[in-house]
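Working notes, beginning with the structure itself.
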Amino acid sequence: MTEGNFVDYTKIHLESGRGGKGSTHLHREKYVEKGGPDGGDGGRGGHIILKGNKNLWTLYHFKFKRHFKAGAGGNGAKQRRTGEDGQDVTIELPIGTVVKNAETGQVITEILDDGQEFIICEGGMGGRGNWHFKSSTNQTPRYAQPGTEGEELDVIFELKVLADIGLVGFPNAGKSTLLSVLTSAKPKIANYEFTTLKPNLGIVEYRDFKTFVIADIPGIIEGAAEGKGIGHRFLRHIERNSTLLFLIPADADDISAEYDVLVNELKKYNPELLDKERFICISKSDMLDDELMTEMRESLDDQGAFQGRPYMFISSATHYNLTELKDQLWNMLNKSTE
């Protein structure tokens, strides 16, 4: 999917259907004198229903349609016939979509399962026909209830990508290259910062036909949590990842400092992100010879750079340690789901 087709935030106007009117019909038949009231009830208005669809990955289908209105209920008729219910409108959403009230910002619901349904706007109730109101003192009521109005609501759909592994790193750290090597994804790769402008997903094929999903999150910079760069637009996607894979290039001026900046940005955005499993990769290690790699490893260990968290030197260009990386990630995922 191209970057222009990735939409993860949209505002939608919803309107459920109005209920149908009750009938005021009085029974008329050739040999029946004063048949009395027999007006039927109005049908209910159509609901607006949200439904999870595992085959959707973005909110792109809302790019050109942002107003949804359900059908009105039919009016009641003679012989106590109830009006037809209004046509429901079902809106399909990708798994991981958060639905918020656009005015208050309050979370209404989250779509977390395929086929999950939620009535977000109920249709108006149909009015009762005049036969409900007959009595010994009012045998021919000539009134019925009108249907009630439907609901109107402006909502925000906010997609948080569901993936097992989330790639976290500064721009140009090699995240897209690693994704392209581990999976069949084809992200844009170039030698400049902010090449990736939208999250990319890929499926990693593991041993015995097992798989897991990895997400390339656009580069985070210092101050992203306050709105600098573009990383703050996509930090929410990291919330859905069970394990975070930090990528720091081997040619970084200070590997430990870069890691601390990344962790601090996650903490400022949402402290709960620090409870996730973390693994650190020193990317672009093909630039290092064995002696320099040994010295760098000793220096990182002496500094306690990653607070005892596991790390590994990798190279997407030469595939150095990538098989071991998949083993490590698979073990961490299984451990986190036990």
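The way I read the labels, and the way they are meant: chains A, B, ... in the order of the structure tokens, residue 1 as the first residue of every chain, and ligand 1 as the first ligand shown, with later ones counted on from there.
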Please provide as a ChimeraX atom specification all residues within 12 Å of Ala144 of chain A, with the sequence filter that same-chain residues fewer than 6 positions apart are discarded (counting only C-alpha atoms).
/A:20-26,37-42,75-77,126-134
For the selection just defined, write its residues with N, CA, C and O atoms to a file, as a CSV table (one decimal), in the first residue's frame.
chain,number,residue,atom,x,y,z
A,20,GLY,N,-40.7,5.8,12.5
A,20,GLY,CA,-41.9,6.0,11.7
A,20,GLY,C,-43.1,6.4,12.6
A,20,GLY,O,-43.1,6.2,13.8
A,21,LYS,N,-44.0,7.1,12.0
A,21,LYS,CA,-45.2,7.6,12.7
A,21,LYS,C,-46.2,6.4,12.9
A,21,LYS,O,-46.4,5.6,12.0
A,22,GLY,N,-46.9,6.5,14.0
A,22,GLY,CA,-48.0,5.6,14.3
A,22,GLY,C,-49.2,6.0,13.4
A,22,GLY,O,-49.4,7.1,13.0
A,23,SER,N,-50.1,5.0,13.1
A,23,SER,CA,-51.2,5.3,12.2
A,23,SER,C,-52.5,5.6,13.1
A,23,SER,O,-52.7,5.1,14.2
A,24,THR,N,-53.3,6.5,12.6
A,24,THR,CA,-54.6,6.9,13.2
A,24,THR,C,-55.8,6.2,12.5
A,24,THR,O,-56.9,6.7,12.6
A,25,HIS,N,-55.5,5.2,11.8
A,25,HIS,CA,-56.6,4.5,11.0
A,25,HIS,C,-57.7,4.0,11.9
A,25,HIS,O,-57.5,3.4,12.9
A,26,LEU,N,-58.9,4.2,11.4
A,26,LEU,CA,-60.1,3.6,12.0
A,26,LEU,C,-60.7,2.5,11.1
A,26,LEU,O,-60.8,2.7,9.8
A,37,PRO,N,-60.4,1.7,16.3
A,37,PRO,CA,-59.1,2.0,15.9
A,37,PRO,C,-58.3,0.8,15.6
A,37,PRO,O,-58.3,-0.2,16.3
A,38,ASP,N,-57.5,0.8,14.5
A,38,ASP,CA,-56.6,-0.3,14.2
A,38,ASP,C,-55.3,0.2,13.5
A,38,ASP,O,-54.7,-0.5,12.7
A,39,GLY,N,-54.9,1.4,13.9
A,39,GLY,CA,-53.7,1.9,13.3
A,39,GLY,C,-52.5,1.2,13.9
A,39,GLY,O,-52.3,1.1,15.2
A,40,GLY,N,-51.5,0.8,13.1
A,40,GLY,CA,-50.3,0.1,13.5
A,40,GLY,C,-49.2,1.1,14.0
A,40,GLY,O,-49.3,2.3,13.8
A,41,ASP,N,-48.2,0.5,14.5
A,41,ASP,CA,-47.0,1.2,15.0
A,41,ASP,C,-46.1,1.6,13.9
A,41,ASP,O,-46.0,0.8,12.9
A,42,GLY,N,-45.4,2.6,14.1
A,42,GLY,CA,-44.3,3.0,13.1
A,42,GLY,C,-43.1,2.1,13.4
A,42,GLY,O,-42.8,1.6,14.5
A,75,ASN,N,-44.0,4.3,8.3
A,75,ASN,CA,-45.1,4.6,9.1
A,75,ASN,C,-46.0,3.4,9.3
A,75,ASN,O,-46.1,2.5,8.5
A,76,GLY,N,-46.8,3.4,10.4
A,76,GLY,CA,-47.7,2.3,10.6
A,76,GLY,C,-48.9,2.4,9.6
A,76,GLY,O,-49.1,3.4,8.9
A,77,ALA,N,-49.6,1.3,9.6
A,77,ALA,CA,-50.7,1.2,8.6
A,77,ALA,C,-51.9,0.5,9.2
A,77,ALA,O,-51.9,0.1,10.4
A,126,GLY,N,-40.2,3.9,16.8
A,126,GLY,CA,-41.4,4.1,16.1
A,126,GLY,C,-42.6,4.5,17.0
A,126,GLY,O,-42.6,4.1,18.1
A,127,GLY,N,-43.4,5.4,16.5
A,127,GLY,CA,-44.6,5.9,17.3
A,127,GLY,C,-45.6,4.8,17.4
A,127,GLY,O,-45.8,4.0,16.5
A,128,ARG,N,-46.4,4.8,18.5
A,128,ARG,CA,-47.5,3.8,18.7
A,128,ARG,C,-48.7,4.2,17.9
A,128,ARG,O,-49.1,5.4,17.9
A,129,GLY,N,-49.4,3.2,17.3
A,129,GLY,CA,-50.6,3.5,16.6
A,129,GLY,C,-51.8,3.8,17.6
A,129,GLY,O,-51.7,3.5,18.8
A,130,ASN,N,-52.9,4.3,17.0
A,130,ASN,CA,-54.0,4.7,17.8
A,130,ASN,C,-54.7,3.6,18.6
A,130,ASN,O,-55.4,3.8,19.5
A,131,TRP,N,-54.5,2.3,18.1
A,131,TRP,CA,-55.2,1.2,18.8
A,131,TRP,C,-54.7,1.0,20.2
A,131,TRP,O,-55.3,0.4,21.1
A,132,HIS,N,-53.5,1.5,20.5
A,132,HIS,CA,-52.9,1.4,21.9
A,132,HIS,C,-53.7,2.3,22.8
A,132,HIS,O,-53.6,2.1,24.1
A,133,PHE,N,-54.3,3.3,22.3
A,133,PHE,CA,-54.9,4.4,23.2
A,133,PHE,C,-56.4,4.2,23.4
A,133,PHE,O,-57.0,5.1,24.0
A,134,LYS,N,-57.0,3.2,22.8
A,134,LYS,CA,-58.5,3.0,23.0
A,134,LYS,C,-58.8,2.6,24.5
A,134,LYS,O,-58.0,1.9,25.1
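Closest approach to Phe170 of chain A among A:Val213, A:Cys281, A:Val155, A:Leu247: A:Leu247, based on only C-alpha atoms.
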Filtered DSSP result for segment 41-154 of chain A, state strand (DSSP E or B), as number ranges by chain:
A: 48-53, 67-69, 77, 81, 89-94, 97-101, 107-111, 117-121, 152-154
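Separating atom CA of Ile314 of chain A from atom CA of Met296 of chain A is a distance of 13.4 Å.
Among the candidates A:Ile238, A:Ile119, A:Ala72, A:Ile49, the residue lying nearest to Ile91 of chain A is A:Ile49 (atoms considered: only C-alpha atoms).
For Gly304 of chain A, the residues within 12 Å (counting only C-alpha atoms, excluding itself and residues fewer than 3 positions away along the chain) are Ile255, Ser256, Ala257, Tyr259, Asp260, Arg297, Glu298, Ser299, Leu300, Asp301, Gln307, Gly308, Arg309, Pro310 and Tyr311 of chain A.
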Go ahead and write the residues just picked, all heavy atoms, as a tab-separated table (two decimals), in the first residue's frame.
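Saved file result_10.tsv follows:
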chain	number	residue	atom	x	y	z
A	255	ILE	N	25.79	6.06	21.09
A	255	ILE	CA	24.72	5.06	21.06
A	255	ILE	C	23.88	5.11	22.32
A	255	ILE	O	22.65	5.07	22.29
A	255	ILE	CB	25.31	3.66	20.85
A	255	ILE	CG1	25.91	3.54	19.44
A	255	ILE	CG2	24.25	2.58	21.06
A	255	ILE	CD1	26.59	2.22	19.17
A	256	SER	N	24.54	5.21	23.46
A	256	SER	CA	23.83	5.24	24.74
A	256	SER	C	22.92	6.46	24.84
A	256	SER	O	21.78	6.36	25.30
A	256	SER	CB	24.84	5.24	25.90
A	256	SER	OG	24.17	5.31	27.14
A	257	ALA	N	23.42	7.62	24.38
A	257	ALA	CA	22.63	8.85	24.45
A	257	ALA	C	21.41	8.77	23.53
A	257	ALA	O	20.32	9.22	23.89
A	257	ALA	CB	23.49	10.05	24.08
A	259	TYR	N	19.78	6.09	22.65
A	259	TYR	CA	18.81	5.19	23.28
A	259	TYR	C	18.06	5.92	24.38
A	259	TYR	O	16.82	5.80	24.50
A	259	TYR	CB	19.53	3.97	23.85
A	259	TYR	CG	18.65	3.06	24.67
A	259	TYR	CD1	17.72	2.23	24.06
A	259	TYR	CD2	18.73	3.04	26.06
A	259	TYR	CE1	16.90	1.40	24.80
A	259	TYR	CE2	17.92	2.22	26.82
A	259	TYR	CZ	17.01	1.40	26.19
A	259	TYR	OH	16.20	0.58	26.93
A	260	ASP	N	18.78	6.70	25.19
A	260	ASP	CA	18.14	7.43	26.29
A	260	ASP	C	17.12	8.44	25.76
A	260	ASP	O	16.05	8.62	26.35
A	260	ASP	CB	19.19	8.15	27.13
A	260	ASP	CG	20.05	7.18	27.93
A	260	ASP	OD1	19.62	6.04	28.15
A	260	ASP	OD2	21.17	7.58	28.33
A	297	ARG	N	31.28	-3.24	22.13
A	297	ARG	CA	30.49	-4.05	23.05
A	297	ARG	C	30.99	-3.90	24.49
A	297	ARG	O	30.18	-3.76	25.42
A	297	ARG	CB	30.53	-5.52	22.62
A	297	ARG	CG	29.67	-6.43	23.50
A	297	ARG	CD	29.73	-7.87	23.05
A	297	ARG	NE	28.95	-8.11	21.83
A	297	ARG	CZ	29.47	-8.36	20.65
A	297	ARG	NH1	30.79	-8.43	20.52
A	297	ARG	NH2	28.70	-8.56	19.60
A	298	GLU	N	32.30	-3.92	24.67
A	298	GLU	CA	32.87	-3.76	26.01
A	298	GLU	C	32.53	-2.39	26.59
A	298	GLU	O	32.21	-2.26	27.78
A	298	GLU	CB	34.39	-3.96	25.96
A	298	GLU	CG	34.80	-5.39	25.65
A	298	GLU	CD	36.31	-5.53	25.50
A	298	GLU	OE1	37.00	-4.48	25.49
A	298	GLU	OE2	36.79	-6.68	25.40
A	299	SER	N	32.60	-1.36	25.72
A	299	SER	CA	32.28	-0.01	26.18
A	299	SER	C	30.82	0.11	26.60
A	299	SER	O	30.50	0.71	27.63
A	299	SER	CB	32.59	1.00	25.06
A	299	SER	OG	32.19	2.30	25.45
A	300	LEU	N	29.91	-0.49	25.81
A	300	LEU	CA	28.48	-0.43	26.15
A	300	LEU	C	28.19	-1.18	27.44
A	300	LEU	O	27.39	-0.73	28.27
A	300	LEU	CB	27.65	-1.02	25.01
A	300	LEU	CG	27.61	-0.22	23.70
A	300	LEU	CD1	26.91	-1.02	22.60
A	300	LEU	CD2	26.90	1.11	23.91
A	301	ASP	N	28.88	-2.32	27.63
A	301	ASP	CA	28.67	-3.09	28.85
A	301	ASP	C	29.20	-2.34	30.07
A	301	ASP	O	28.56	-2.35	31.14
A	301	ASP	CB	29.36	-4.45	28.74
A	301	ASP	CG	28.68	-5.36	27.71
A	301	ASP	OD1	27.51	-5.09	27.38
A	301	ASP	OD2	29.32	-6.33	27.25
A	307	GLN	N	20.79	-0.54	30.52
A	307	GLN	CA	20.24	-0.97	31.81
A	307	GLN	C	20.01	-2.49	31.87
A	307	GLN	O	18.99	-2.96	32.39
A	307	GLN	CB	18.93	-0.25	32.12
A	307	GLN	CG	19.07	1.25	32.34
A	307	GLN	CD	18.99	2.03	31.04
A	307	GLN	OE1	18.12	1.77	30.21
A	307	GLN	NE2	19.87	3.00	30.86
A	308	GLY	N	20.95	-3.25	31.31
A	308	GLY	CA	20.87	-4.69	31.38
A	308	GLY	C	19.95	-5.34	30.37
A	308	GLY	O	19.77	-6.56	30.39
A	309	ARG	N	19.36	-4.54	29.48
A	309	ARG	CA	18.47	-5.12	28.48
A	309	ARG	C	19.29	-5.75	27.36
A	309	ARG	O	20.38	-5.27	27.03
A	309	ARG	CB	17.53	-4.06	27.91
A	309	ARG	CG	16.60	-3.51	28.98
A	309	ARG	CD	15.55	-2.58	28.38
A	309	ARG	NE	14.69	-2.04	29.46
A	309	ARG	CZ	13.63	-2.65	29.94
A	309	ARG	NH1	13.27	-3.82	29.44
A	309	ARG	NH2	12.91	-2.11	30.90
A	310	PRO	N	18.77	-6.81	26.74
A	310	PRO	CA	19.53	-7.51	25.70
A	310	PRO	C	19.71	-6.64	24.46
A	310	PRO	O	18.85	-5.84	24.10
A	310	PRO	CB	18.67	-8.74	25.39
A	310	PRO	CG	17.29	-8.34	25.79
A	310	PRO	CD	17.44	-7.42	26.97
A	311	TYR	N	20.86	-6.81	23.79
A	311	TYR	CA	21.12	-6.09	22.55
A	311	TYR	C	21.93	-6.98	21.62
A	311	TYR	O	22.47	-8.01	22.01
A	311	TYR	CB	21.84	-4.77	22.83
A	311	TYR	CG	23.27	-4.89	23.31
A	311	TYR	CD1	24.33	-4.85	22.40
A	311	TYR	CD2	23.56	-5.04	24.66
A	311	TYR	CE1	25.65	-4.96	22.84
A	311	TYR	CE2	24.86	-5.15	25.10
A	311	TYR	CZ	25.89	-5.12	24.19
A	311	TYR	OH	27.19	-5.24	24.62
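Compared by their closest atoms to His27 of chain A, and using only C-alpha atoms, the residues A:Gly115, A:Met287, A:Arg80, A:Glu92 rank with A:Arg80 nearest.
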Residues within 12 Å of Thr211 of chain A, please, as a PyMOL selection string. Count only C-alpha atoms; anything in the same chain fewer than 5 positions from it doesn't count.
chain A and resi 163-165+182-183+202-206+326-327+329-330+333-334
Limited to N, CA and C atoms, could you put the picked residues into a file as a CSV table (one decimal), in the first residue's frame?
chain,number,residue,atom,x,y,z
A,163,ALA,N,0.6,-4.7,15.8
A,163,ALA,CA,1.7,-5.5,15.3
A,163,ALA,C,2.4,-6.1,16.6
A,164,ASP,N,3.1,-7.2,16.4
A,164,ASP,CA,3.8,-7.8,17.5
A,164,ASP,C,5.0,-7.1,17.9
A,165,ILE,N,5.8,-6.6,16.8
A,165,ILE,CA,7.0,-5.9,17.1
A,165,ILE,C,6.9,-4.5,16.5
A,182,LEU,N,13.6,-8.5,6.4
A,182,LEU,CA,12.9,-9.6,7.2
A,182,LEU,C,11.5,-10.0,6.6
A,183,THR,N,10.9,-9.1,5.9
A,183,THR,CA,9.6,-9.4,5.4
A,183,THR,C,9.5,-9.1,3.9
A,202,GLY,N,4.8,-5.5,8.0
A,202,GLY,CA,5.4,-6.7,7.3
A,202,GLY,C,5.2,-7.9,8.1
A,203,ILE,N,5.1,-9.1,7.5
A,203,ILE,CA,4.9,-10.3,8.2
A,203,ILE,C,6.2,-11.1,8.1
A,204,VAL,N,6.8,-11.4,9.2
A,204,VAL,CA,8.1,-12.2,9.3
A,204,VAL,C,7.7,-13.7,9.2
A,205,GLU,N,8.3,-14.4,8.3
A,205,GLU,CA,8.1,-15.8,8.2
A,205,GLU,C,9.2,-16.5,9.1
A,206,TYR,N,8.7,-17.3,10.1
A,206,TYR,CA,9.6,-17.9,11.0
A,206,TYR,C,9.6,-19.4,10.8
A,326,LYS,N,15.6,-13.0,14.7
A,326,LYS,CA,14.3,-13.5,14.6
A,326,LYS,C,14.1,-14.5,15.7
A,327,ASP,N,15.1,-15.3,16.0
A,327,ASP,CA,15.0,-16.2,17.2
A,327,ASP,C,14.7,-15.5,18.5
A,329,LEU,N,13.5,-12.4,18.9
A,329,LEU,CA,12.2,-11.8,18.9
A,329,LEU,C,11.0,-12.8,19.1
A,330,TRP,N,11.2,-14.0,18.5
A,330,TRP,CA,10.2,-15.0,18.7
A,330,TRP,C,10.1,-15.5,20.1
A,333,LEU,N,8.4,-12.8,22.2
A,333,LEU,CA,6.9,-12.7,22.0
A,333,LEU,C,6.2,-13.8,22.7
A,334,ASN,N,6.8,-15.0,22.6
A,334,ASN,CA,6.2,-16.2,23.4
A,334,ASN,C,6.2,-16.0,24.9
Could you tell me, as a PyMOL selection string, which residues of segment 18-201 of chain A DSSP assigns to helix (DSSP H, G or I) when given the backbone?
chain A and resi 60-62+130-133+175-182
Taking C-alpha atoms for each residue, export the selection above as a short mmCIF file (atom, residue, chain, number, x, y, z; two decimals), in the first residue's frame.
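Written out: selection.cif:
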data_model
loop_
_atom_site.label_atom_id
_atom_site.label_comp_id
_atom_site.auth_asym_id
_atom_site.auth_seq_id
_atom_site.Cartn_x
_atom_site.Cartn_y
_atom_site.Cartn_z
CA TYR A 60 -8.52 5.10 3.55
CA HIS A 61 -12.11 4.20 2.63
CA PHE A 62 -13.25 7.27 4.63
CA ASN A 130 -54.02 4.70 17.84
CA TRP A 131 -55.20 1.22 18.81
CA HIS A 132 -52.90 1.43 21.86
CA PHE A 133 -54.90 4.36 23.21
CA LYS A 175 14.27 0.57 10.12
CA SER A 176 12.81 0.41 6.62
CA THR A 177 15.77 -1.56 5.31
CA LEU A 178 15.45 -4.09 8.12
CA LEU A 179 11.71 -4.42 7.44
CA SER A 180 12.34 -5.03 3.74
CA VAL A 181 14.90 -7.75 4.53
CA LEU A 182 12.90 -9.57 7.22
#
Cut-off 12 Å: closest segment 88-173 of chain A/segment 261-273 of chain A atom pairs per residue, using only C-alpha atoms, as a Markdown table:
| residue | atom | partner | partner_atom | distance |
| --- | --- | --- | --- | --- |
| A:Gly166 | CA | A:Leu273 | CA | 11.4 |
| A:Leu167 | CA | A:Leu262 | CA | 11.4 |
| A:Val168 | CA | A:Leu262 | CA | 7.7 |
| A:Gly169 | CA | A:Leu262 | CA | 6.9 |
| A:Phe170 | CA | A:Leu262 | CA | 7.8 |
| A:Pro171 | CA | A:Leu262 | CA | 11.4 |
Output all heavy atoms for every residue in the selection just made, as a short mmCIF file (atom, residue, chain, number, x, y, z; two decimals), in the first residue's frame.
data_model
loop_
_atom_site.label_atom_id
_atom_site.label_comp_id
_atom_site.auth_asym_id
_atom_site.auth_seq_id
_atom_site.Cartn_x
_atom_site.Cartn_y
_atom_site.Cartn_z
N GLY A 166 7.33 -3.48 17.21
CA GLY A 166 7.38 -2.11 16.71
C GLY A 166 8.82 -1.64 16.61
O GLY A 166 9.57 -1.74 17.59
N LEU A 167 9.20 -1.13 15.45
CA LEU A 167 10.56 -0.62 15.25
C LEU A 167 10.62 0.83 15.71
O LEU A 167 9.85 1.67 15.24
CB LEU A 167 10.97 -0.72 13.79
CG LEU A 167 11.10 -2.12 13.20
CD1 LEU A 167 11.45 -2.04 11.72
CD2 LEU A 167 12.16 -2.91 13.94
N VAL A 168 11.54 1.13 16.61
CA VAL A 168 11.67 2.47 17.17
C VAL A 168 13.09 2.95 16.91
O VAL A 168 14.05 2.23 17.19
CB VAL A 168 11.38 2.48 18.69
CG1 VAL A 168 11.50 3.89 19.25
CG2 VAL A 168 10.01 1.91 18.98
N GLY A 169 13.22 4.15 16.38
CA GLY A 169 14.56 4.67 16.14
C GLY A 169 14.52 6.05 15.51
O GLY A 169 13.46 6.52 15.07
N PHE A 170 15.68 6.70 15.47
CA PHE A 170 15.79 7.99 14.84
C PHE A 170 15.64 7.83 13.32
O PHE A 170 15.78 6.73 12.78
CB PHE A 170 17.15 8.62 15.15
CG PHE A 170 17.21 9.27 16.50
CD1 PHE A 170 17.64 8.55 17.61
CD2 PHE A 170 16.85 10.59 16.68
CE1 PHE A 170 17.70 9.14 18.86
CE2 PHE A 170 16.91 11.19 17.92
CZ PHE A 170 17.34 10.47 19.02
N PRO A 171 15.34 8.94 12.63
CA PRO A 171 15.30 8.86 11.16
C PRO A 171 16.62 8.33 10.60
O PRO A 171 17.69 8.63 11.12
CB PRO A 171 15.05 10.32 10.74
CG PRO A 171 14.39 10.95 11.92
CD PRO A 171 14.99 10.29 13.12
#
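Closest approach to Asp113 of chain A among A:Asn55, A:Thr137, A:Ser283, A:Asn241: A:Asn55, based on only C-alpha atoms.
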